[in-house]
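Chemist: Below is the file query21.cif, with mmCIF, C-alpha atoms.
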data_final
loop_
_atom_site.label_atom_id
_atom_site.label_comp_id
_atom_site.auth_asym_id
_atom_site.auth_seq_id
_atom_site.Cartn_x
_atom_site.Cartn_y
_atom_site.Cartn_z
CA MET A 26 42.70 -29.60 18.28
CA VAL A 27 40.41 -30.71 15.46
CA TYR A 28 39.71 -34.37 14.72
CA LEU A 29 38.16 -35.21 11.39
CA THR A 30 37.79 -38.91 10.60
CA VAL A 31 36.57 -39.92 7.15
CA LYS A 32 35.34 -43.48 6.60
CA LYS A 33 33.79 -45.00 3.52
CA ILE A 34 31.03 -47.43 4.48
CA LYS A 35 28.91 -49.09 1.79
CA GLN A 36 30.08 -46.58 -0.85
CA GLN A 37 29.10 -43.58 1.31
CA LEU A 38 31.37 -41.20 3.19
CA HIS A 39 30.88 -40.88 6.94
CA ILE A 40 32.69 -37.90 8.46
CA HIS A 41 33.14 -37.82 12.23
CA VAL A 42 33.95 -34.41 13.68
CA ARG A 43 35.37 -33.53 17.11
CA TYR A 44 37.11 -30.37 18.24
CA ASP A 45 38.36 -28.51 21.30
CA SER A 46 37.83 -25.02 19.85
CA TYR A 47 35.01 -24.12 17.45
CA ALA A 48 37.06 -21.25 15.92
CA GLU A 49 39.89 -23.69 15.13
CA PHE A 50 37.37 -26.20 13.75
CA GLN A 51 35.77 -23.57 11.51
CA GLU A 52 39.13 -22.67 9.98
CA GLN A 53 40.40 -26.23 9.44
CA PHE A 54 37.07 -27.74 8.40
CA ALA A 55 36.73 -25.56 5.29
CA GLN A 56 40.31 -26.43 4.24
CA LYS A 57 39.81 -30.17 4.74
CA LEU A 58 36.47 -30.21 2.92
CA ALA A 59 38.04 -28.34 0.01
CA LEU A 60 40.68 -31.09 -0.27
CA LEU A 61 38.02 -33.83 -0.19
CA SER A 62 35.74 -32.11 -2.69
CA SER A 63 38.59 -31.29 -5.11
CA LYS A 64 38.13 -34.79 -6.55
CA GLY A 65 34.56 -34.01 -7.63
CA THR A 66 31.13 -33.81 -6.04
CA LEU A 67 31.13 -34.89 -2.43
CA SER A 68 28.20 -36.22 -0.41
CA ALA A 69 28.59 -37.38 3.17
CA PHE A 70 26.87 -38.29 6.39
CA PHE A 71 28.20 -36.20 9.32
CA TYR A 72 28.58 -37.07 13.00
CA LEU A 73 28.84 -33.79 14.90
CA PRO A 74 29.28 -32.71 18.51
CA LYS A 75 26.63 -30.48 20.05
CA MET A 76 26.67 -27.02 18.43
CA SER A 77 24.90 -23.75 19.08
CA ASP A 78 22.47 -22.53 16.42
CA LYS A 79 25.05 -20.00 15.21
CA GLU A 80 27.77 -22.67 14.96
CA ALA A 81 25.41 -25.01 13.09
CA LEU A 82 24.63 -22.26 10.55
CA VAL A 83 28.35 -21.66 9.99
CA PHE A 84 28.82 -25.43 9.49
CA LEU A 85 26.00 -25.53 6.93
CA ASN A 86 27.40 -22.47 5.11
CA ILE A 87 30.84 -24.11 4.87
CA CYS A 88 29.22 -27.24 3.38
CA LYS A 89 27.26 -25.05 0.93
CA ALA A 90 30.37 -23.10 -0.09
CA GLU A 91 32.30 -26.33 -0.71
CA LYS A 92 29.29 -27.85 -2.59
CA ILE A 93 28.94 -30.74 -0.13
CA THR A 94 25.68 -32.69 -0.23
CA LEU A 95 24.58 -33.61 3.28
CA LEU A 96 23.20 -37.14 3.44
CA GLY A 97 22.39 -36.64 7.10
CA ILE A 98 23.63 -35.34 10.43
CA ASN A 99 23.87 -37.39 13.58
CA PRO A 100 24.40 -34.96 16.46
CA GLN A 101 26.04 -36.30 19.58
CA LYS A 102 23.64 -36.18 22.50
CA ARG A 103 24.55 -36.25 26.15
CA GLU A 104 22.54 -39.44 26.77
CA ASP A 105 24.55 -41.17 24.02
CA LEU A 106 27.58 -41.02 26.30
CA ALA A 107 26.14 -43.39 28.89
CA THR A 108 27.98 -46.71 28.79
CA ARG A 109 25.99 -49.43 27.09
CA LEU A 110 26.12 -52.80 28.83
CA GLU A 111 25.78 -55.90 26.67
CA GLU A 112 25.88 -59.52 27.75
CA GLY A 113 26.65 -62.26 25.24
CA THR A 114 28.95 -63.10 22.41
CA VAL A 115 29.35 -61.36 19.08
CA ARG A 116 29.42 -64.41 16.83
CA SER A 117 31.35 -65.02 13.61
CA GLY A 118 29.80 -63.16 10.71
CA GLN A 119 27.90 -60.70 12.93
CA LYS A 120 28.47 -56.97 12.35
CA VAL A 121 27.44 -54.55 15.11
CA THR A 122 27.86 -50.79 15.46
CA PHE A 123 27.76 -48.74 18.66
CA SER A 124 27.55 -44.96 19.06
CA GLN A 125 28.29 -44.91 22.78
CA PRO A 126 30.88 -46.45 25.12
CA LEU A 127 30.40 -50.23 25.32
CA LEU A 128 31.03 -52.74 28.10
CA LEU A 129 30.62 -56.26 26.68
CA PHE A 130 30.38 -59.21 29.05
CA GLY A 131 31.28 -61.84 26.48
CA SER A 132 33.66 -62.45 23.59
CA ILE A 133 34.04 -61.33 20.00
CA HIS A 134 34.60 -64.34 17.73
CA SER A 135 36.77 -64.38 14.62
CA SER A 136 35.18 -62.73 11.57
CA ALA A 137 32.76 -60.80 13.82
CA VAL A 138 33.00 -57.02 13.32
CA VAL A 139 32.42 -54.39 16.00
CA THR A 140 32.48 -50.71 14.99
CA SER A 141 32.23 -47.96 17.59
CA SER A 142 32.58 -44.20 17.81
CA HIS A 143 33.55 -44.59 21.50
CA SER A 144 35.75 -46.82 23.66
CA VAL A 145 34.99 -50.53 24.00
CA THR A 146 35.66 -52.83 26.97
CA VAL A 147 35.40 -56.58 26.40
CA MET A 148 35.28 -58.85 29.44
CA GLY A 149 36.24 -61.84 27.30
CA ARG A 150 38.44 -62.82 24.38
CA VAL A 151 38.63 -60.72 21.23
CA SER A 152 39.51 -62.63 18.08
CA GLY A 153 37.37 -60.64 15.63
CA VAL A 154 37.60 -57.17 14.12
CA ILE A 155 37.34 -53.97 16.18
CA ASP A 156 37.11 -50.63 14.33
CA LEU A 157 37.18 -47.62 16.66
CA LEU A 158 36.47 -44.40 14.78
CA HIS A 159 38.27 -41.74 16.84
CA ARG A 160 41.79 -41.19 18.12
CA ASP A 161 40.66 -40.93 21.72
CA CYS A 162 38.89 -44.31 21.62
CA VAL A 163 40.47 -47.12 23.61
CA LEU A 164 39.97 -50.90 23.55
CA TYR A 165 40.21 -52.79 26.84
CA ALA A 166 40.10 -56.58 26.55
CA SER A 167 40.62 -59.60 28.78
CA SER A 168 42.67 -61.18 25.98
CA LEU A 169 43.39 -60.81 22.27
CA GLN A 170 43.81 -63.73 19.88
CA ASN A 171 44.64 -62.68 16.32
CA ALA A 172 42.34 -59.69 16.80
CA ARG A 173 42.28 -57.19 13.94
CA ILE A 174 42.08 -53.73 15.41
CA ARG A 175 41.98 -50.23 13.91
CA ILE A 176 41.67 -46.90 15.69
CA ALA A 177 40.98 -43.74 13.65
CA ASP A 178 43.40 -43.55 10.71
CA THR A 179 45.71 -46.44 11.65
CA PRO A 180 45.89 -49.50 9.41
CA TYR A 181 44.39 -52.69 10.85
CA ALA A 182 46.84 -54.47 13.14
CA VAL A 183 46.70 -58.12 14.19
CA LEU A 184 47.26 -58.22 17.95
CA ASN A 185 47.67 -60.97 20.52
CA SER A 186 47.74 -60.81 24.32
CA LEU A 187 47.07 -63.58 26.80
CA GLN A 188 46.69 -60.99 29.58
CA PRO A 189 44.16 -58.19 30.00
CA CYS A 190 45.32 -55.25 27.93
CA LYS A 191 44.65 -51.75 26.70
CA VAL A 192 44.99 -50.76 23.01
CA TYR A 193 45.17 -47.06 22.21
CA TYR A 194 46.11 -44.58 19.48
CA ASP A 195 49.49 -42.83 19.52
CA SER A 196 50.88 -40.88 16.54
CA GLN A 197 49.04 -42.89 13.83
CA CYS A 198 50.10 -46.16 15.47
CA LEU A 199 48.43 -48.58 17.85
CA LYS A 200 50.04 -49.14 21.24
CA THR A 201 49.27 -52.08 23.52
CA VAL A 202 49.80 -52.19 27.26
CA ALA A 203 49.24 -55.53 29.03
CA SER A 204 48.57 -55.78 32.75
CA GLU A 205 51.23 -57.46 34.80
#
So, in terms of structure tokens, how does the structure I just supplied come out?
Modeler:
Amino acid sequence: MVYLTVKKIKQQLHIHVRYDSYAEFQEQFAQKLALLSSKGTLSAFFYLPKMSDKEALVFLNICKAEKITLLGINPQKREDLATRLEEGTVRSGQKVTFSQPLLLFGSIHSSAVVTSSHSVTVMGRVSGVIDLLHRDCVLYASSLQNARIRIADTPYAVLNSLQPCKVYYDSQCLKTVASE
């Protein structure tokens, strides 16, 4: 399976790539880039899983063939997958981004924004915005109070739960499971 998530952040495209099979990725990636670039010149920042030199050259050749300007590449490194532990509160107006799994001992206040390319666990109340970039990302929270949550290509959903819960992606929808 190939996962290609396209986000526009500050007028720039950020394309997150994940795949189970490189051969499948190679085939689908060229098709998807052709669709994106059909609207004109395309420039993007790419987030890629670890690739061999040969695979990286194929990736670069696909971008060249589709006339994609690379703004940068952020390869996923093994050490990036270690869970980051944070203590404190993400306050209103704060915007933070994480590129590894996060365990937050604190809360996320309303109008605070947390963006992550991995799963997030909040040992506190979430009333702000959580934007998880991939379908396999999950949000675990002690409680949700008018929290605005998006995972991958879902629209933002306003969720509430007085109990600890799990929010996950399922068929372009968010699902919530509360503990009993």
Chemist: Name the closest residue to Asn86 (chain A) among the candidates A:Val27, A:Ala55, A:Leu67, A:Ile133; distances are taken between atoms, counting only C-alpha atoms.
Modeler: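 Result for the nearest residue to Asn86 (chain A): A:Ala55.
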Chemist: In terms of the shortest atom-to-atom distance over all atoms listed in the file, which of A:Gln125, A:Ser63, A:Ser132, A:Ser68 is closest to Ile40 (chain A)?
Modeler: A:Ser68
Chemist: What's around Ile176 (chain A) at 6 Å? Count all atoms listed in the file, leave out sequence neighbours fewer than 3 positions away in its own chain, and write the answer as a list in words.
Modeler: Leu157, Leu158 and Thr179 of chain A
Chemist: Would you put the residues from that selection into a file with C-alpha atoms, as a compact mmCIF listing (two decimals), in the frame of the given file?
Modeler:
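Ended up saving to out-v7.txt:
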# COMPACT_ATOMS: atom_id res chain seq x y z
CA LEU A 157 37.18 -47.62 16.66
CA LEU A 158 36.47 -44.40 14.78
CA THR A 179 45.71 -46.44 11.65
Chemist: Ala166 (chain A): which residues within 7 Å, counting only C-alpha atoms, same-chain residues fewer than 3 positions away excluded, as a PDB file with C-alpha atoms, in the coordinates of the input?
Modeler:
ATOM      1  CA  THR A 146      35.660 -52.830  26.970  1.00  0.00           C
ATOM      2  CA  VAL A 147      35.400 -56.580  26.400  1.00  0.00           C
ATOM      3  CA  MET A 148      35.280 -58.850  29.440  1.00  0.00           C
ATOM      4  CA  GLY A 149      36.240 -61.840  27.300  1.00  0.00           C
ATOM      5  CA  ARG A 150      38.440 -62.820  24.380  1.00  0.00           C
ATOM      6  CA  VAL A 151      38.630 -60.720  21.230  1.00  0.00           C
ATOM      7  CA  LEU A 169      43.390 -60.810  22.270  1.00  0.00           C
ATOM      8  CA  PRO A 189      44.160 -58.190  30.000  1.00  0.00           C
ATOM      9  CA  CYS A 190      45.320 -55.250  27.930  1.00  0.00           C
ATOM     10  CA  LYS A 191      44.650 -51.750  26.700  1.00  0.00           C
TER      11      LYS A 191
END
Chemist: Could you tell me how far CA of Tyr181 (chain A) lies from CA of Val42 (chain A), in Å and to one decimal?
Modeler: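 Straight-line distance from CA of Tyr181 (chain A) to CA of Val42 (chain A) works out to 21.2 Å.
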Chemist: Please evaluate the PyMOL selection byres ((chain A and resi 117) around 10) against the structure above and give the resulting residues as a PyMOL selection string.
Modeler: chain A and resi 114-116+118-120+133-138+152-153
Chemist: Output the residue selection produced by the PyMOL selection byres ((chain A and resi 51) around 12) on the file above, formatted as a ChimeraX atom specification.
Modeler: /A:26-29,42-50,52-58,76,79-88
Chemist: I'd like to see the residues matched by the PyMOL selection byres ((chain A and resi 98) around 9) on this file, and ideally I'd get them as a PyMOL selection string.
Modeler: chain A and resi 70-73+95-97+99-100
Chemist: Could you write those residues out with C-alpha atoms, as a short mmCIF file (atom, residue, chain, number, x, y, z; two decimals), in the coordinates of the input?
Modeler:
data_model
loop_
_atom_site.label_atom_id
_atom_site.label_comp_id
_atom_site.auth_asym_id
_atom_site.auth_seq_id
_atom_site.Cartn_x
_atom_site.Cartn_y
_atom_site.Cartn_z
CA PHE A 70 26.87 -38.29 6.39
CA PHE A 71 28.20 -36.20 9.32
CA TYR A 72 28.58 -37.07 13.00
CA LEU A 73 28.84 -33.79 14.90
CA LEU A 95 24.58 -33.61 3.28
CA LEU A 96 23.20 -37.14 3.44
CA GLY A 97 22.39 -36.64 7.10
CA ASN A 99 23.87 -37.39 13.58
CA PRO A 100 24.40 -34.96 16.46
#
